[in-house]
$ cat run_29.pdb   # PDB, C-alpha atoms
ATOM      1  CA  MET A 773    -117.716 249.218-102.936
ATOM      2  CA  SER A 774    -118.861 246.373-105.074
ATOM      3  CA  TRP A 775    -118.494 242.745-104.149
ATOM      4  CA  ALA A 776    -117.406 240.805-107.218
ATOM      5  CA  LYS A 777    -116.146 237.295-107.810
ATOM      6  CA  LEU A 778    -112.761 236.641-106.229
ATOM      7  CA  THR A 779    -109.911 235.719-108.521
ATOM      8  CA  THR A 780    -106.646 234.492-107.062
ATOM      9  CA  SER A 781    -103.640 233.418-109.081
ATOM     10  CA  ARG A 782    -102.477 229.952-108.069
ATOM     11  CA  THR A 783     -98.775 229.898-107.304
ATOM     12  CA  ARG A 784     -96.398 227.942-105.179
ATOM     13  CA  VAL A 785     -94.921 229.775-102.233
ATOM     14  CA  PRO A 786     -91.883 228.697-100.148
ATOM     15  CA  ALA A 787     -92.695 226.991 -96.868
ATOM     16  CA  THR A 788     -90.243 229.316 -95.178
ATOM     17  CA  LEU A 789     -92.187 232.456 -96.033
ATOM     18  CA  LEU A 790     -92.642 234.369 -92.782
ATOM     19  CA  LEU A 791     -94.560 237.463 -91.760
ATOM     20  CA  ALA A 792     -96.789 239.109 -94.343
ATOM     21  CA  ALA A 793     -99.722 241.400 -93.741
ATOM     22  CA  LEU A 794    -103.375 240.429 -93.198
ATOM     23  CA  THR A 795    -105.129 237.469 -91.692
ATOM     24  CA  VAL A 796    -108.394 236.240 -90.525
ATOM     25  CA  SER A 797    -109.641 234.095 -87.766
ATOM     26  CA  VAL A 798    -112.300 231.631 -86.789
ATOM     27  CA  SER A 799    -113.650 230.136 -83.621
ATOM     28  CA  ALA A 800    -111.810 227.393 -81.748
ATOM     29  CA  CYS A 801    -112.073 224.017 -80.087
ATOM     30  CA  GLY A 802    -111.858 223.165 -76.411
ATOM     31  CA  GLY A 803    -113.015 224.881 -73.278
ATOM     32  CA  GLY A 804    -112.061 228.130 -71.617
ATOM     33  CA  SER A 805    -113.394 231.654 -71.749
ATOM     34  CA  GLU A 806    -112.443 234.438 -74.151
ATOM     35  CA  PRO A 807    -113.524 237.747 -72.674
ATOM     36  CA  GLU A 808    -111.935 239.670 -75.548
ATOM     37  CA  GLU A 809    -113.809 238.036 -78.414
ATOM     38  CA  ALA A 810    -116.661 240.073 -79.767
ATOM     39  CA  VAL A 811    -117.161 240.270 -83.519
ATOM     40  CA  ASP A 812    -120.023 238.302 -85.070
ATOM     41  CA  SER A 813    -118.909 235.887 -87.778
ATOM     42  CA  PRO A 814    -120.343 232.523 -88.882
ATOM     43  CA  ALA A 815    -117.672 230.520 -87.115
ATOM     44  CA  GLU A 816    -119.031 231.410 -83.711
ATOM     45  CA  SER A 817    -122.140 233.171 -82.650
ATOM     46  CA  SER A 818    -119.916 235.838 -81.128
ATOM     47  CA  THR A 819    -116.864 235.995 -83.386
ATOM     48  CA  GLU A 820    -114.752 239.117 -83.519
ATOM     49  CA  ALA A 821    -113.922 240.692 -86.822
ATOM     50  CA  PRO A 822    -111.325 243.413 -87.239
ATOM     51  CA  SER A 823    -112.443 246.948 -87.700
ATOM     52  CA  PRO A 824    -111.361 248.584 -90.971
ATOM     53  CA  THR A 825    -109.130 250.977 -89.076
ATOM     54  CA  ALA A 826    -107.234 248.263 -87.271
ATOM     55  CA  ALA A 827    -106.687 246.093 -90.305
ATOM     56  CA  ALA A 828    -104.609 247.195 -93.236
ATOM     57  CA  PRO A 829    -105.932 246.477 -96.729
ATOM     58  CA  THR A 830    -109.531 245.599 -97.417
ATOM     59  CA  PRO A 831    -110.919 243.433-100.220
ATOM     60  CA  SER A 832    -113.129 244.234-103.128
ATOM     61  CA  ALA A 833    -114.243 241.199-105.042
ATOM     62  CA  THR A 834    -116.415 238.248-104.272
ATOM     63  CA  PRO A 835    -115.630 234.632-105.169
ATOM     64  CA  THR A 836    -118.011 231.767-105.629
ATOM     65  CA  SER A 837    -117.892 228.329-104.139
ATOM     66  CA  ALA A 838    -118.193 225.048-105.970
ATOM     67  CA  ALA A 839    -119.022 221.520-104.929
ATOM     68  CA  SER A 840    -120.311 220.334-101.601
ATOM     69  CA  ALA A 841    -119.504 217.541 -99.223
ATOM     70  CA  ALA A 842    -120.586 217.054 -95.628
ATOM     71  CA  THR A 843    -123.785 218.161 -94.022
ATOM     72  CA  ALA A 844    -123.783 221.386 -92.095
ATOM     73  CA  THR A 845    -125.480 224.494 -90.984
ATOM     74  CA  PRO A 846    -124.750 227.248 -93.525
ATOM     75  CA  THR A 847    -123.564 230.798 -92.795
ATOM     76  CA  SER A 848    -122.678 233.789 -95.117
ATOM     77  CA  GLN A 849    -120.824 236.940 -96.692
ATOM     78  CA  PRO A 850    -118.476 238.378 -99.587
ATOM     79  CA  SER A 851    -114.907 238.102-101.098
ATOM     80  CA  THR A 852    -111.730 239.709-102.753
ATOM     81  CA  THR A 853    -109.141 240.002-105.494
ATOM     82  CA  ILE A 854    -105.583 238.951-104.650
ATOM     83  CA  GLU A 855    -102.474 238.070-106.571
ATOM     84  CA  ALA A 856    -100.533 235.329-104.856
ATOM     85  CA  THR A 857     -97.330 235.145-106.830
ATOM     86  CA  GLU A 858     -94.164 233.609-105.545
ATOM     87  CA  ALA A 859     -92.139 235.836-103.249
ATOM     88  CA  SER A 860     -88.469 235.733-102.383
ATOM     89  CA  PRO A 861     -87.757 233.194 -99.656
ATOM     90  CA  ALA A 862     -87.568 234.740 -96.198
ATOM     91  CA  PRO A 863     -85.133 233.546 -93.553
ATOM     92  CA  ALA A 864     -86.518 230.554 -91.660
ATOM     93  CA  ALA A 865     -86.942 232.018 -88.181
ATOM     94  CA  VAL A 866     -89.571 229.464 -87.200
ATOM     95  CA  GLN A 867     -88.125 226.429 -85.496
ATOM     96  CA  PRO A 868     -89.871 223.030 -85.551
ATOM     97  CA  PRO A 869     -90.458 221.367 -82.179
ATOM     98  CA  PRO A 870     -88.191 218.453 -81.180
ATOM     99  CA  PRO A 871     -89.188 215.017 -82.533
ATOM    100  CA  GLY A 872     -91.902 213.377 -80.444
ATOM    101  CA  SER A 873     -93.255 216.701 -79.157
ATOM    102  CA  SER A 874     -96.907 217.126 -78.199
ATOM    103  CA  PRO A 875     -99.219 218.624 -80.862
ATOM    104  CA  ARG A 876     -99.466 221.638 -78.565
ATOM    105  CA  ARG A 877     -95.858 222.471 -79.474
ATOM    106  CA  MET A 878     -96.900 222.543 -83.142
ATOM    107  CA  LEU A 879     -99.357 225.404 -82.659
ATOM    108  CA  LEU A 880     -98.293 228.813 -83.959
ATOM    109  CA  ASP A 881     -96.995 231.464 -81.563
ATOM    110  CA  PRO A 882     -97.985 235.150 -81.923
ATOM    111  CA  ALA A 883     -94.823 236.156 -83.791
ATOM    112  CA  GLU A 884     -95.349 233.312 -86.270
ATOM    113  CA  ILE A 885     -98.624 234.739 -87.608
ATOM    114  CA  PRO A 886     -98.293 237.709 -89.984
ATOM    115  CA  GLY A 887     -99.986 240.894 -88.824
ATOM    116  CA  LEU A 888    -102.532 242.886 -90.801
ATOM    117  CA  ASN A 889     -99.897 245.542 -91.494
ATOM    118  CA  ASP A 890     -96.502 246.630 -90.209
ATOM    119  CA  GLN A 891     -98.005 247.970 -86.992
ATOM    120  CA  HIS A 892    -100.330 245.052 -86.335
ATOM    121  CA  GLY A 893     -99.609 241.884 -84.377
ATOM    122  CA  TRP A 894    -101.342 239.146 -82.395
ATOM    123  CA  ARG A 895    -101.926 238.413 -78.726
ATOM    124  CA  PRO A 896    -102.811 234.880 -77.554
ATOM    125  CA  ILE A 897    -105.919 234.626 -75.379
ATOM    126  CA  GLY A 898    -106.065 230.894 -74.781
ATOM    127  CA  THR A 899    -104.829 227.425 -75.728
ATOM    128  CA  GLU A 900    -107.283 224.540 -75.484
ATOM    129  CA  ASN A 901    -107.272 220.775 -75.890
ATOM    130  CA  GLY A 902    -110.726 219.777 -77.115
ATOM    131  CA  GLU A 903    -113.572 221.254 -79.153
ATOM    132  CA  ARG A 904    -116.129 223.916 -78.372
ATOM    133  CA  ARG A 905    -119.725 223.904 -79.486
ATOM    134  CA  GLN A 906    -118.933 226.525 -82.145
ATOM    135  CA  PRO A 907    -116.870 225.599 -85.212
ATOM    136  CA  VAL A 908    -113.262 226.720 -85.612
ATOM    137  CA  TRP A 909    -113.819 228.554 -88.880
ATOM    138  CA  ALA A 910    -116.732 229.933 -90.890
ATOM    139  CA  CYS A 911    -116.824 227.121 -93.464
ATOM    140  CA  GLN A 912    -116.681 224.299 -90.920
ATOM    141  CA  VAL A 913    -119.696 222.004 -91.012
ATOM    142  CA  THR A 914    -119.206 219.624 -88.075
ATOM    143  CA  ASP A 915    -116.692 219.192 -85.281
ATOM    144  CA  PHE A 916    -113.396 217.546 -86.181
ATOM    145  CA  THR A 917    -114.150 214.511 -84.024
ATOM    146  CA  SER A 918    -117.058 213.746 -86.362
ATOM    147  CA  ILE A 919    -114.633 213.393 -89.273
ATOM    148  CA  GLY A 920    -112.277 211.100 -87.381
ATOM    149  CA  ALA A 921    -110.067 213.360 -85.231
ATOM    150  CA  THR A 922    -108.679 211.718 -82.104
ATOM    151  CA  ASP A 923    -107.111 214.871 -80.647
ATOM    152  CA  VAL A 924    -107.608 218.615 -81.280
ATOM    153  CA  TRP A 925    -105.530 221.541 -80.013
ATOM    154  CA  VAL A 926    -106.509 225.155 -80.692
ATOM    155  CA  ARG A 927    -104.783 228.440 -79.854
ATOM    156  CA  ARG A 928    -106.801 231.666 -80.117
ATOM    157  CA  PHE A 929    -105.481 235.145 -80.858
ATOM    158  CA  VAL A 930    -106.869 238.671 -81.022
ATOM    159  CA  GLY A 931    -105.425 241.627 -82.887
ATOM    160  CA  LYS A 932    -102.857 243.917 -81.310
ATOM    161  CA  PRO A 933    -103.695 246.786 -81.130
ATOM    162  CA  GLY A 934    -107.451 246.600 -81.270
ATOM    163  CA  GLY A 935    -108.078 243.335 -79.474
ATOM    164  CA  ALA A 936    -110.964 241.207 -80.666
ATOM    165  CA  LYS A 937    -112.454 244.127 -82.553
ATOM    166  CA  SER A 938    -109.310 244.493 -84.619
ATOM    167  CA  ALA A 939    -109.057 240.907 -85.884
ATOM    168  CA  LYS A 940    -108.804 237.365 -84.673
ATOM    169  CA  ALA A 941    -106.884 234.258 -85.627
ATOM    170  CA  ARG A 942    -106.832 230.560 -84.777
ATOM    171  CA  SER A 943    -104.109 227.927 -84.986
ATOM    172  CA  ALA A 944    -105.310 224.321 -84.731
ATOM    173  CA  VAL A 945    -103.465 220.998 -84.838
ATOM    174  CA  ILE A 946    -105.762 218.046 -85.505
ATOM    175  CA  THR A 947    -104.586 214.448 -85.059
ATOM    176  CA  PHE A 948    -106.143 211.357 -86.656
ATOM    177  CA  VAL A 949    -105.624 207.661 -86.064
ATOM    178  CA  ASP A 950    -103.475 207.224 -89.186
ATOM    179  CA  GLU A 951    -102.372 208.879 -92.421
ATOM    180  CA  THR A 952    -105.290 207.485 -94.425
ATOM    181  CA  SER A 953    -107.773 209.033 -92.010
ATOM    182  CA  ALA A 954    -105.940 212.364 -92.188
ATOM    183  CA  GLN A 955    -106.027 212.283 -96.011
ATOM    184  CA  ARG A 956    -109.774 211.719 -95.941
ATOM    185  CA  ALA A 957    -110.249 214.542 -93.439
ATOM    186  CA  TYR A 958    -108.183 216.867 -95.647
ATOM    187  CA  ALA A 959    -110.586 216.111 -98.492
ATOM    188  CA  VAL A 960    -113.483 216.941 -96.170
ATOM    189  CA  LEU A 961    -111.961 220.350 -95.334
ATOM    190  CA  ARG A 962    -111.725 221.104 -99.043
ATOM    191  CA  ALA A 963    -115.335 219.997 -99.534
ATOM    192  CA  TRP A 964    -116.457 222.297 -96.710
ATOM    193  CA  HIS A 965    -114.805 225.170 -98.511
ATOM    194  CA  ASP A 966    -116.483 224.103-101.765
ATOM    195  CA  ARG A 967    -119.917 224.439-100.194
ATOM    196  CA  CYS A 968    -119.078 227.398 -97.981
ATOM    197  CA  GLU A 969    -120.683 230.052-100.184
ATOM    198  CA  GLU A 970    -124.019 228.270-100.013
ATOM    199  CA  GLN A 971    -123.635 227.912 -96.263
ATOM    200  CA  LEU A 972    -122.723 231.556 -95.635
ATOM    201  CA  SER A 973    -125.508 232.791 -97.896
ATOM    202  CA  GLN A 974    -128.046 231.659 -95.331
ATOM    203  CA  ASP A 975    -126.911 234.421 -92.985
ATOM    204  CA  TYR A 976    -125.339 237.110 -95.188
ATOM    205  CA  ARG A 977    -126.431 239.048 -98.267
ATOM    206  CA  ARG A 978    -122.964 239.400 -99.808
ATOM    207  CA  VAL A 979    -120.921 236.244 -99.985
ATOM    208  CA  GLY A 980    -117.905 235.083-101.967
ATOM    209  CA  VAL A 981    -115.586 232.088-101.646
ATOM    210  CA  ASP A 982    -112.577 231.172-103.763
ATOM    211  CA  ALA A 983    -113.797 228.642-106.301
ATOM    212  CA  ALA A 984    -110.498 226.772-106.054
ATOM    213  CA  PRO A 985    -107.685 226.648-103.491
ATOM    214  CA  THR A 986    -104.312 228.305-103.900
ATOM    215  CA  ALA A 987    -101.499 225.809-103.337
ATOM    216  CA  VAL A 988     -98.746 226.684-100.874
ATOM    217  CA  HIS A 989     -95.420 224.987-101.531
ATOM    218  CA  VAL A 990     -94.107 223.001 -98.568
ATOM    219  CA  GLU A 991     -91.197 220.592 -98.360
ATOM    220  CA  ASP A 992     -93.498 217.654 -97.725
ATOM    221  CA  GLY A 993     -97.204 217.011 -97.312
ATOM    222  CA  GLN A 994    -100.065 219.089 -98.764
ATOM    223  CA  ALA A 995    -100.843 222.758 -98.155
ATOM    224  CA  GLU A 996    -103.310 225.294 -99.542
ATOM    225  CA  TRP A 997    -105.485 228.274 -98.614
ATOM    226  CA  ARG A 998    -108.743 229.974 -99.642
ATOM    227  CA  LEU A 999    -110.463 233.248 -98.945
ATOM    228  CA  ALA A1000    -114.123 233.582 -97.954
ATOM    229  CA  THR A1001    -115.826 236.958 -97.598
ATOM    230  CA  TYR A1002    -119.262 237.690 -96.190
ATOM    231  CA  GLY A1003    -121.256 240.680 -95.047
ATOM    232  CA  PRO A1004    -122.379 243.264 -94.427
ATOM    233  CA  VAL A1005    -120.939 243.922 -90.982
ATOM    234  CA  GLU A1006    -123.514 245.093 -88.478
ATOM    235  CA  GLY A1007    -123.184 248.847 -88.026
ATOM    236  CA  ASP A1008    -121.010 249.213 -91.140
ATOM    237  CA  PRO A1009    -122.953 248.252 -94.294
ATOM    238  CA  ASP A1010    -119.984 248.917 -96.586
ATOM    239  CA  ALA A1011    -117.672 246.546 -94.723
ATOM    240  CA  GLY A1012    -117.404 242.770 -94.820
ATOM    241  CA  TYR A1013    -115.580 239.935 -93.076
ATOM    242  CA  PHE A1014    -112.477 238.561 -94.797
ATOM    243  CA  ASP A1015    -111.760 235.006 -93.694
ATOM    244  CA  ALA A1016    -108.517 233.504 -94.967
ATOM    245  CA  THR A1017    -107.996 229.871 -94.003
ATOM    246  CA  GLY A1018    -105.171 227.489 -94.852
ATOM    247  CA  TYR A1019    -104.339 223.916 -93.927
ATOM    248  CA  VAL A1020    -101.312 221.649 -94.088
ATOM    249  CA  ARG A1021    -101.373 217.849 -93.910
ATOM    250  CA  GLU A1022     -98.433 215.621 -93.065
ATOM    251  CA  GLY A1023     -98.748 212.044 -91.866
ATOM    252  CA  LYS A1024    -101.677 211.679 -89.469
ATOM    253  CA  ARG A1025    -101.951 215.406 -88.631
ATOM    254  CA  ILE A1026    -103.495 218.511 -90.142
ATOM    255  CA  SER A1027    -102.533 222.031 -89.078
ATOM    256  CA  LEU A1028    -105.262 224.596 -89.786
ATOM    257  CA  THR A1029    -104.833 228.365 -89.520
ATOM    258  CA  THR A1030    -107.609 230.872 -90.003
ATOM    259  CA  MET A1031    -107.556 234.686 -89.785
ATOM    260  CA  VAL A1032    -110.600 236.976 -89.888
ATOM    261  CA  SER A1033    -110.576 240.729 -90.441
ATOM    262  CA  VAL A1034    -113.129 243.397 -91.313
ATOM    263  CA  GLY A1035    -112.936 246.009 -94.039
ATOM    264  CA  GLN A1036    -113.914 247.056 -97.555
ATOM    265  CA  ASP A1037    -110.840 245.889 -99.474
ATOM    266  CA  TYR A1038    -108.309 243.060 -99.196
ATOM    267  CA  ASN A1039    -105.322 244.077-101.284
ATOM    268  CA  TYR A1040    -101.750 242.856-100.816
ATOM    269  CA  PRO A1041     -98.639 242.825-103.004
ATOM    270  CA  PRO A1042     -97.923 239.559-104.827
ATOM    271  CA  GLY A1043     -96.857 236.829-102.426
ATOM    272  CA  GLU A1044     -97.573 238.923 -99.326
ATOM    273  CA  VAL A1045    -101.048 237.748 -98.399
ATOM    274  CA  PRO A1046    -100.685 237.129 -94.624
ATOM    275  CA  ILE A1047    -102.248 233.667 -94.612
ATOM    276  CA  ILE A1048     -99.484 232.401 -96.912
ATOM    277  CA  GLY A1049     -96.850 233.189 -94.292
ATOM    278  CA  ALA A1050     -98.983 231.620 -91.568
ATOM    279  CA  VAL A1051     -99.459 228.419 -93.589
ATOM    280  CA  GLY A1052     -95.740 228.259 -94.371
ATOM    281  CA  ASN A1053     -94.862 228.654 -90.704
ATOM    282  CA  SER A1054     -97.400 226.085 -89.562
ATOM    283  CA  ALA A1055     -95.916 223.660 -92.112
ATOM    284  CA  ILE A1056     -92.459 224.121 -90.593
ATOM    285  CA  LYS A1057     -93.812 223.365 -87.119
ATOM    286  CA  LEU A1058     -95.930 220.429 -88.291
ATOM    287  CA  LEU A1059     -93.469 218.851 -90.717
ATOM    288  CA  GLY A1060     -90.375 219.468 -88.630
TER     289      GLY A1060
END

$ encode --input "run_29.pdb" --output "structure tokens"
Amino acid sequence: MSWAKLTTSRTRVPATLLLAALTVSVSACGGGSEPEEAVDSPAESSTEAPSPTAAAPTPSATPTSAASAATATPTSQPSTTIEATEASPAPAAVQPPPPGSSPRRMLLDPAEIPGLNDQHGWRPIGTENGERRQPVWACQVTDFTSIGATDVWVRRFVGKPGGAKSAKARSAVITFVDETSAQRAYAVLRAWHDRCEEQLSQDYRRVGVDAAPTAVHVEDGQAEWRLATYGPVEGDPDAGYFDATGYVREGKRISLTTMVSVGQDYNYPPGEVPIIGAVGNSAIKLLG
């Protein structure tokens, strides 16, 4: 398969969009052990990536990154071609936590993250308050505390079936001192994505990152997602890692969701890219 530049149509998608099909993951913050994690991806020195058999579609195009912003240690790999057109609104099954709830209540639950296909789902393997040495996702340059975060919660998931070798996902809720600080941090996340291709290229031969984000429509706040691909995968030279990451900002908080899978193609029907449903659901829980 050939890795080309990724092209994604920018469209607005309802915040209530629920389960779709494929997602990627990244490493997480906080302490705790994760015996199931095993795939190597830039986000963590031992990051699991889904095997092509466990994931559904696989991508076939490679995007490029753009600007840069904070300092970091680069990583690498390729990208895909996806049409993200608006889909019909799905019933809002996700319920926001009660007002005044802890950020932990704003993390996604397994059923709130779209699976890779109709038979795929997610199993939580830990919820942590704090940050680990490894970044939460492949494009991350520094820990969130370094960009002003005052509190970080992360929930980790592995694919079901398949465990860590099938796929992995992360749901993070990051709190800042005020809305201005959160707005600045949101800009930093976008800048990390802008320079992600350069970063990933230090470790991978095939790398592609969406040159621009795809907006996700939410009732309030800001929301968007991008796809980064990098490879090859050790032991499978034709496969690559597909890392879809989206973030939502409202007030002084940012909710970040990342899903990582392995394969040769990343093809989904318009509006059914899994990360879109995950971002929409995280917006419901964050925005209330």

$ closest_residue --input "run_29.pdb" --among "A:Pro875, A:Gly931, A:Pro1042, A:Gly1023" --to "Gln994 (chain A)" --atoms "only C-alpha atoms"
A:Gly1023

$ resolve_selection --input "run_29.pdb" --expression "the PyMOL selection byres ((chain A and resi 998) around 6)" --output "ChimeraX atom specification"
/A:982,985,997,999,1016-1017

$ resolve_selection --input "run_29.pdb" --expression "the PyMOL selection byres ((chain A and resi 918) around 12)" --output "ChimeraX atom specification"
/A:842-844,903,907,912-917,919-924,948,953,957,960

$ closest_residue --input "run_29.pdb" --among "A:Tyr958, A:Trp909, A:Trp894, A:Tyr1040" --to "Arg1021 (chain A)" --atoms "all atoms listed in the file"
A:Tyr958

$ residues_around --input "run_29.pdb" --residues "Val1020 (chain A)" --least-positions-apart "3" --cutoff "6 Å" --atoms "all atoms listed in the file" --output "list of chain:residue names"
A:Gln994, A:Ala995, A:Ile1026, A:Ser1027

$ closest_residue --input "run_29.pdb" --among "A:Leu880, A:Ala1055, A:Leu888, A:Cys911" --to "Asp1015 (chain A)" --atoms "all atoms listed in the file"
A:Cys911

$ resolve_selection --input "run_29.pdb" --expression "the PyMOL selection byres ((chain A and resi 878) around 8)" --output "NGL selection string"
:A and (868-869 or 873-877 or 879-880 or 945 or 1054 or 1057-1058)

$ atom_distance --input "run_29.pdb" --atom1 "CA of Ile897 (chain A)" --atom2 "CA of Thr1029 (chain A)"
15.5 Å

$ axis_aligned_box --input "run_29.pdb" --around "region 928-936 of chain A" --padding-each-side "3 Å" --output "lines of an AutoDock Vina configuration file"
center_x = -106.9
center_y = 239.2
center_z = -81.2
size_x = 14.1
size_y = 21.1
size_z = 9.4

$ atom_distance --input "run_29.pdb" --atom1 "CA of Gly887 (chain A)" --atom2 "CA of Asn1053 (chain A)"
13.4 Å
